[in-house]
Every structure is written in structure tokens, then in C-alpha cells.
Amino acid sequence: MIEQAGKLIINTADFVWGIPVLVLLLGGGFYFLVYSRLAPLRYFGHALKILTGKFDNPDEPGQLRHYEALSTALAGTVGMGNVSGVAVAITMGGPGAIFWMWISALLGISTKFFTCTLAVMFRGKDSAGVIQGGPMYFITEGLGSKWRPMAVFFSIVGMIGVSPLFQANQLTQIIGDTLLAPNNVETSFQTNLITGIVISLIVGIVVIGGINRIGSVTGKLVPFMVVVYVATVLFIIFTNAGQIIPAFKTIFTDAFTGDAVLGGSIGAVIITGVRRAAFSNEAGLGTAPMAHGAAKTNEPVREGLVAMLGPVIDTLIICTMTALAIIVTSTWLESSADGITLTAHAFEAAIPGYGPYILTGAVTFFAMSTLFAFPYYGAKCLGFVAGAKYQHLYNYAFVVAIIIGSVSNLRVIIGLVDIAFALMAFPTVISALLLSPHVKQAANKYFAELKKTS
């Protein structure tokens with residue numbers, strides 16, 4: 001019965017991630033890019049200046065500084081999707097899937113700009129009178145109360161999409177592979193359960209502290225974990241420098257042939273790339289607008305510019321480096337492993353004896369930062385549906401879900417999360433398309449003022 005349910009979830013995920021979702025995410029991103037006349041790309045330097053805090057004003061409404069808002073959003077995206085998610089992409093779709101992750105990320109830059117600008121532009125108040133942002137609020141505030149069913153639908157599937165199942169599963173797997181197995185401790189249901197309980201206790205202590213504590217913690221963890229991981233992966237890549245160009249050739253060739261994916265389908269490669277890119281940077285899914293909607297600012301466009309940096313950091317930079325580490329070491333050809341274990345094999349091949357331990361330390365920060373950020377999103381979704389006084393209950397459900405994820409099947413978990421992400425994309429992107437004229441008008445005004453002062 002359980003096995004049949006798992007197969008149903010996997011098959012359903014494959015079905016929903018068909019042409020409609022591809023058209024929605026890629027087509028929507030392309031529309032935003034053209035409609036804005038490449039504005040997000042043209043003002044990339046200005047976005048970096050905003051991130052330094054130059055334009056921060058503590059007296060403006062909101063809960064997080066620009067940097068903290070981006071860190072919280074990145075904590076939800078720079079995570080296991082950049083490490084094990086890339087390995088899953090290569091396993092399921094071959095190296096060519098990475099190329100389509102890049103395309104999705106490039107278009108996702110504009111999507112992030114529009115959705116996160118809207119998150120500040122059409123902020124609303126929850127039932128407790130606290131200012132909130134996110135798709136559910138810009139749907140109701142921007143499109144009107146008659147669109148509330150769409151906002152409720154987003155909130156319901158959003159609570160599933162931001163569950164900790166994938167992060168808990170992969171963190172438990174790498175701990176078992178790297179720390180338990182080498183010490184003759186057999187990984188089993190019982191050991192995974194114990195690991196899951198320990199992780200849930202740590203996460204519970206942080207998330208119950210609320211968004212201010214989450215913003216503070218992620219603001220410190222994200223830069224540190226990125227530096228450690230990036231430094232190690234660059235070492236792996238450049239110690240295999242002779243394989244870098246062949247690796248890129250493999251990615252580009254396979255992207256249009258599908259030779260490395262079962263059945264040789266280019267469509268399968270594209271779908272896999274877009275699915276994993278969505279898991280990596282979430283552009284168009286709607287979680288980041290909830291974090292950026294909490295930014296201390298009266299200028300929506302400014303926050304949209306900060307938000308667009310997300311896909312660049314987590315997909316174009318970090319995911320690419322992970323993919324290269326796996327490809328240049330040839331572990332994707334030599335290993336039958338999946339998920340985080342495949343990435344660990346690449347680290348072991350390049351740095352024998354120490355590589356898996358370095359990876360374990362890095363991904364622990366990756367996974368934990370995501371686990372700290374996601375409850376905020378889920379609680380906000382529950383608060384919108386049931387009322388602010390009940391939103392804290394999501395934190396407790398989240399902690400329990402960590403334990404469930406630690407002992408569940410990886411492919412089933414990926415399928416369940418992918419279903420939720422696909423369903424989240426429809427209300428997020430459709431409402432953003434309908435409200436896009438508001439963003440364009442505000443952007444034209446903002447950039448005109450910027451030219452006068454520069």
C-alpha cells in the first residue's frame with residue numbers, strides 16, 4: 001500500500017511537471033525580461049550597492065534589512081538543492097540538465113524582480129495587524145478580494161512545498177554515510193530516526209524564536225557556509241583542470257541530444273533541468289517574496305533588485321560548481337549513488353579521506369539554514385488561511401515533519417515537493433503577470449530618479 005502510494009506521488013510529479021509548468025516558468029520569465037526591457041540585468045551593479053546597506057532605513061516599515069531579507073531567502077534556496085539537487089538532476093537528466101538549469105535561472109532573475117517587487121508594493125496585514133508580504137497578499141491586495149481563493153490555494157500547497165522533508169532526508173543520509181558507516185554503525189531506520197529527532201530539536205529551538213532570530217542566524221550562517229563550500233569545490237575543479245572544458249562540452253552537447261538520459265529524450269532533459277532549477281532558486285514559486293516582503297523599505301523596486309541576485313548566487317554560481325565537481329571527477333559515470341551520496345563520492349575522489357567530512361560540515365550548514373528559513377514561510381501561509389493566532393502551530397508540525405523526512409524514501413519526497421512547487425507556481429506567476437504593469441510603472445519611475453541622482 002505504501003509502495004503504491006509512493007509510485008503514485010512520483011508519477012503525479014512527472015505529470016504535473018509537463019508542458020504547462022514549463023511554459024509558465026520559462027515563458028513567464030521571458031515575458032518579464034522583455035517587458036522590463038532587461039532592467040534587472042542592466043541594474044545589477046545598483047542591486048549590489050543596495051545589498052551593502054547604503055539605502056537601509058531602520059524607520060521604514062518591515063522586519064528585516066535588505067541583506068537579512070536576501071539571506072533569509074537564500075537560506076531557503078542555497079541549500080540541499082544546490083548540492084544533492086544537482087546530483088539528482090545529473091542522475092535523472094544527465095549533465096545536459098545543468099544547461100537548462102542555467103536557462104531557467106537567467107529567466108528567473110526577471111521573475112524574482114517582478115514577484116518580490118510586488119511583495120513589497122502590495123503588502124497587506126494579517127489578522128493580528130502585522131504587515132506581511134508574499135503571493136497571497138499581493139494577490140488579494142493587488143487583484144482584489146475576489147481572487148482570495150487563489151491566494152488560499154497558494155497558501156495550502158505552500159505549506160507542503162516548504163516542508164523540511166528533502167533537507168532532513170539528505171542531511172540524515174550524509175550523516176549516515178560519512179559519520180556512522182565508517183565507524184561500523186549500520187545505518188537503519190532506527191539510526192535515521194534518532195538523527196532526525198536530534199535535527200528536529202535543534203531546529204525547534206531556533207524557529208520558535210521567530211523571524212528576527214531567523215534573520216539574525218541566517219545572516220551569519222549563509223556567508224560562512226557559502227565560502228567553505230565554494231572554496232572546497234573550486235579546489236576540486238582546479239585540481240582536475242584538464243577536465244573543465246570537456247565537462248562544459250558534455251553539458252552543452254547533452255543538453256540538445258539527451259544522450260545521457262534514459263530514452264534519449266531532449267524533453268526529459270529540459271524538464272529535469274527546470275524542475276531542479278525551481279528547487280534550487282524557487283523563482284516563480286513564491287517563497288522568496290514572503291521573505292523580501294518583510295524587508296524594511298518603502299521602495300518596492302529596490303527590494304526587487306535585491307531579490308534578483310538570488311538565482312545568480314544559488315544556481316548560476318553554486319549549482320554550476322557542484323555540477324562541475326561531479327562531472328570532472330567522473331563520479332556520475334562511475335557511481336550508482338543518488339542525491340547527496342553522489343556528491344560525497346565526488347568529494348572523496350578529489351580529496352581522499354577528508355572530502356566527505358568537509359562536505360558533511362558544509363551541507364549541515366546548508367540544510368540547517370534552509371530548515372531555519374522554511375518554517376517562517378509555512379507559518380505565514382497558515383496564518384493567512386487560519387489566522388495569525390494559529391500560525392505558530394506550523395512550527396510544531398514542521399519539527400515533526402523533520403523526523404518523517406529522515407526515514408522516508410528520497411524519490412517519493414522529491415515527487416511530493418515537486419508537486420507542491422508546481423502548484424505554487426500557477427497562482428504566483430499568473431498573478432504576477434496580471435500585476436506586471438504596476439511593476440513596470442514603478443520601475444520606470446525609480447530608474448528615472450536614480451539617473452537624476454547619479
# chains A, B, ... in the order shown; residues from 1 in each chain; ligands from 1
call {"tool": "residues_around", "arguments": {"residues": "stretch 103-111 of chain A", "least_positions_apart": "4", "cutoff": "10 Å", "atoms": "only C-alpha atoms", "output": "ChimeraX atom specification"}}
result
/A:22,25-36,38-41,98-99,115-117,270,273-278,280-285,304-305,307-316,428-429,432-433
call {"tool": "residues_around", "arguments": {"residues": "A:Ala231", "least_positions_apart": "2", "cutoff": "12 Å", "atoms": "only C-alpha atoms", "output": "ChimeraX atom specification"}}
result
/A:224-229,233-238,318,321-322,325,358-359,362
call {"tool": "atom_distance", "arguments": {"atom1": "atom CA of A:Tyr446", "atom2": "atom CA of A:Pro300"}}
result
9.4 Å
call {"tool": "select_by_dssp", "arguments": {"residues": "stretch 126-191 of chain A", "states": "helix (DSSP H, G or I)", "output": "PyMOL selection string"}}
result
chain A and resi 135-143+145-161+165-183+189-191
call {"tool": "write_last_selection", "arguments": {"atoms": "N, CA and C atoms", "output": "CSV table (one decimal), in the first residue's frame"}}
result
chain,number,residue,atom,x,y,z
A,135,PRO,N,3.0,36.2,-2.1
A,135,PRO,CA,2.0,36.0,-3.2
A,135,PRO,C,0.5,36.1,-2.7
A,136,MET,N,0.3,35.5,-1.5
A,136,MET,CA,-1.1,35.5,-1.0
A,136,MET,C,-1.6,36.9,-0.8
A,137,TYR,N,-0.7,37.8,-0.4
A,137,TYR,CA,-1.0,39.2,-0.1
A,137,TYR,C,-1.1,40.0,-1.3
A,138,PHE,N,-0.1,39.8,-2.3
A,138,PHE,CA,-0.2,40.7,-3.5
A,138,PHE,C,-1.3,40.2,-4.4
A,139,ILE,N,-1.8,39.0,-4.2
A,139,ILE,CA,-3.0,38.5,-4.9
A,139,ILE,C,-4.2,39.2,-4.4
A,140,THR,N,-4.4,39.2,-3.1
A,140,THR,CA,-5.6,39.8,-2.6
A,140,THR,C,-5.6,41.4,-2.6
A,141,GLU,N,-4.4,41.9,-2.3
A,141,GLU,CA,-4.2,43.4,-2.2
A,141,GLU,C,-4.2,44.0,-3.7
A,142,GLY,N,-3.6,43.3,-4.6
A,142,GLY,CA,-3.4,43.8,-5.9
A,142,GLY,C,-4.5,43.5,-6.9
A,143,LEU,N,-5.1,42.3,-6.8
A,143,LEU,CA,-6.1,41.9,-7.7
A,143,LEU,C,-7.5,42.0,-7.0
A,145,SER,N,-10.3,41.1,-3.4
A,145,SER,CA,-10.7,40.0,-2.6
A,145,SER,C,-11.4,38.9,-3.3
A,146,LYS,N,-11.9,39.1,-4.5
A,146,LYS,CA,-12.5,38.1,-5.3
A,146,LYS,C,-11.5,37.0,-5.7
A,147,TRP,N,-10.2,37.4,-5.7
A,147,TRP,CA,-9.1,36.4,-6.0
A,147,TRP,C,-8.6,35.7,-4.8
A,148,ARG,N,-9.2,35.9,-3.6
A,148,ARG,CA,-8.8,35.2,-2.4
A,148,ARG,C,-8.7,33.7,-2.5
A,149,PRO,N,-9.6,33.0,-3.2
A,149,PRO,CA,-9.4,31.5,-3.3
A,149,PRO,C,-8.1,31.1,-3.9
A,150,MET,N,-7.6,31.9,-4.9
A,150,MET,CA,-6.3,31.6,-5.4
A,150,MET,C,-5.2,31.8,-4.4
A,151,ALA,N,-5.3,32.8,-3.6
A,151,ALA,CA,-4.4,33.1,-2.5
A,151,ALA,C,-4.4,32.0,-1.5
A,152,VAL,N,-5.6,31.5,-1.1
A,152,VAL,CA,-5.7,30.4,-0.2
A,152,VAL,C,-5.1,29.1,-0.7
A,153,PHE,N,-5.4,28.9,-2.0
A,153,PHE,CA,-4.8,27.7,-2.7
A,153,PHE,C,-3.3,27.7,-2.6
A,154,PHE,N,-2.7,28.9,-2.9
A,154,PHE,CA,-1.2,29.0,-2.8
A,154,PHE,C,-0.7,28.7,-1.4
A,155,SER,N,-1.4,29.3,-0.4
A,155,SER,CA,-1.0,29.1,1.0
A,155,SER,C,-1.0,27.6,1.4
A,156,ILE,N,-2.1,26.9,0.9
A,156,ILE,CA,-2.2,25.5,1.3
A,156,ILE,C,-1.1,24.6,0.7
A,157,VAL,N,-0.9,24.8,-0.6
A,157,VAL,CA,0.2,24.0,-1.2
A,157,VAL,C,1.6,24.5,-0.8
A,158,GLY,N,1.6,25.8,-0.4
A,158,GLY,CA,2.9,26.4,0.1
A,158,GLY,C,3.4,25.7,1.3
A,159,MET,N,2.4,25.4,2.2
A,159,MET,CA,2.8,24.7,3.5
A,159,MET,C,3.4,23.3,3.2
A,160,ILE,N,3.1,22.7,2.1
A,160,ILE,CA,3.7,21.4,1.8
A,160,ILE,C,5.0,21.6,1.1
A,161,GLY,N,5.1,22.6,0.2
A,161,GLY,CA,6.3,22.9,-0.6
A,161,GLY,C,7.5,23.3,0.3
A,165,LEU,N,11.0,17.9,4.5
A,165,LEU,CA,11.3,16.5,4.1
A,165,LEU,C,12.6,16.3,3.4
A,166,PHE,N,12.8,17.0,2.3
A,166,PHE,CA,14.0,16.8,1.5
A,166,PHE,C,15.3,17.1,2.3
A,167,GLN,N,15.3,18.3,2.9
A,167,GLN,CA,16.5,18.7,3.7
A,167,GLN,C,16.8,17.7,4.8
A,168,ALA,N,15.8,17.3,5.5
A,168,ALA,CA,16.0,16.3,6.6
A,168,ALA,C,16.5,15.0,6.1
A,169,ASN,N,15.9,14.5,5.0
A,169,ASN,CA,16.3,13.2,4.4
A,169,ASN,C,17.8,13.2,4.0
A,170,GLN,N,18.2,14.3,3.2
A,170,GLN,CA,19.5,14.3,2.7
A,170,GLN,C,20.6,14.6,3.8
A,171,LEU,N,20.2,15.4,4.8
A,171,LEU,CA,21.1,15.6,5.9
A,171,LEU,C,21.3,14.3,6.7
A,172,THR,N,20.3,13.6,6.9
A,172,THR,CA,20.4,12.3,7.6
A,172,THR,C,21.2,11.3,6.8
A,173,GLN,N,21.0,11.3,5.4
A,173,GLN,CA,21.8,10.4,4.6
A,173,GLN,C,23.3,10.7,4.6
A,174,ILE,N,23.7,12.0,4.6
A,174,ILE,CA,25.1,12.3,4.5
A,174,ILE,C,25.7,12.0,5.9
A,175,ILE,N,25.0,12.2,7.0
A,175,ILE,CA,25.5,11.9,8.3
A,175,ILE,C,25.7,10.4,8.4
A,176,GLY,N,24.8,9.6,7.9
A,176,GLY,CA,24.9,8.2,8.0
A,176,GLY,C,26.1,7.7,7.1
A,177,ASP,N,26.2,8.2,5.9
A,177,ASP,CA,27.3,7.8,5.0
A,177,ASP,C,28.7,8.2,5.5
A,178,THR,N,28.8,9.4,6.1
A,178,THR,CA,30.1,9.9,6.4
A,178,THR,C,30.5,9.7,7.9
A,179,LEU,N,29.6,9.8,8.8
A,179,LEU,CA,29.9,9.7,10.2
A,179,LEU,C,29.6,8.3,10.8
A,180,LEU,N,28.5,7.7,10.4
A,180,LEU,CA,28.1,6.5,11.1
A,180,LEU,C,28.8,5.2,10.4
A,181,ALA,N,28.6,5.1,9.1
A,181,ALA,CA,29.0,3.9,8.4
A,181,ALA,C,30.6,3.7,8.5
A,182,PRO,N,31.4,4.7,8.4
A,182,PRO,CA,32.9,4.5,8.6
A,182,PRO,C,33.2,4.0,10.0
A,183,ASN,N,32.4,4.2,10.9
A,183,ASN,CA,32.6,3.8,12.3
A,183,ASN,C,31.9,2.5,12.7
A,189,PHE,N,16.7,2.2,9.9
A,189,PHE,CA,15.5,3.0,10.3
A,189,PHE,C,15.7,3.6,11.7
A,190,GLN,N,16.2,2.9,12.6
A,190,GLN,CA,16.4,3.3,14.0
A,190,GLN,C,17.5,4.5,14.1
A,191,THR,N,18.6,4.3,13.4
A,191,THR,CA,19.6,5.3,13.4
A,191,THR,C,19.2,6.6,12.7
call {"tool": "atom_distance", "arguments": {"atom1": "atom CA of A:Leu333", "atom2": "atom CA of A:Ile245"}}
result
17.2 Å
call {"tool": "residues_around", "arguments": {"residues": "A:His345", "least_positions_apart": "2", "cutoff": "10 Å", "atoms": "only C-alpha atoms", "output": "PDB file with C-alpha atoms, in the first residue's frame"}}
result
ATOM      1  CA  ILE A 326      30.664  15.768 -10.082  1.00  0.00           C
ATOM      2  CA  THR A 329      35.723  13.612 -11.231  1.00  0.00           C
ATOM      3  CA  SER A 330      33.626  11.281 -13.449  1.00  0.00           C
ATOM      4  CA  THR A 331      31.709  10.067 -10.399  1.00  0.00           C
ATOM      5  CA  TRP A 332      28.401  10.499 -12.257  1.00  0.00           C
ATOM      6  CA  GLU A 334      31.280   5.511 -12.083  1.00  0.00           C
ATOM      7  CA  SER A 335      28.839   5.640  -9.199  1.00  0.00           C
ATOM      8  CA  ALA A 337      24.633   6.531  -5.953  1.00  0.00           C
ATOM      9  CA  ILE A 340      23.949  13.716  -1.645  1.00  0.00           C
ATOM     10  CA  THR A 341      25.833  10.390  -1.717  1.00  0.00           C
ATOM     11  CA  LEU A 342      26.863  11.004  -5.345  1.00  0.00           C
ATOM     12  CA  THR A 343      28.242  14.426  -4.413  1.00  0.00           C
ATOM     13  CA  PHE A 347      34.490  14.879  -2.840  1.00  0.00           C
ATOM     14  CA  GLU A 348      36.079  11.562  -1.825  1.00  0.00           C
ATOM     15  CA  ALA A 349      37.566  11.081  -5.289  1.00  0.00           C
ATOM     16  CA  ALA A 350      39.135  14.542  -5.266  1.00  0.00           C
ATOM     17  CA  ILE A 351      40.086  14.777  -1.577  1.00  0.00           C
ATOM     18  CA  PRO A 352      40.523  11.196  -0.310  1.00  0.00           C
ATOM     19  CA  GLY A 355      36.431  15.280   1.253  1.00  0.00           C
ATOM     20  CA  PRO A 356      33.256  13.668   2.607  1.00  0.00           C
TER      21      PRO A 356
END
call {"tool": "residues_around", "arguments": {"residues": "A:Thr253", "least_positions_apart": "5", "cutoff": "12 Å", "atoms": "only C-alpha atoms", "output": "number ranges by chain"}}
result
A: 94-100, 246-248, 258-260, 266, 269
call {"tool": "atom_distance", "arguments": {"atom1": "atom CA of A:Gly134", "atom2": "atom CA of A:Gly293"}}
result
5.9 Å
call {"tool": "residues_around", "arguments": {"residues": "A:Leu416", "least_positions_apart": "6", "cutoff": "8 Å", "atoms": "only C-alpha atoms", "output": "JSON list (two decimals) with C-alpha atoms, in the first residue's frame"}}
result
[["chain", "number", "residue", "atom", "x", "y", "z"],
["A", 9, "ILE", "CA", 3.32, 10.51, -5.95],
["A", 10, "ILE", "CA", 6.30, 10.05, -8.29],
["A", 13, "ALA", "CA", 5.04, 14.74, -10.08]]
call {"tool": "residues_around", "arguments": {"residues": "stretch 390-401 of chain A", "least_positions_apart": "2", "cutoff": "7 Å", "atoms": "only C-alpha atoms", "output": "count of residues only"}}
result
19
call {"tool": "residues_around", "arguments": {"residues": "A:Met290", "least_positions_apart": "3", "cutoff": "7 Å", "atoms": "only C-alpha atoms", "output": "list in words"}}
result
Ala119, Gly133, Gly134, Thr287, Gly293, Ala294 and Tyr377 of chain A
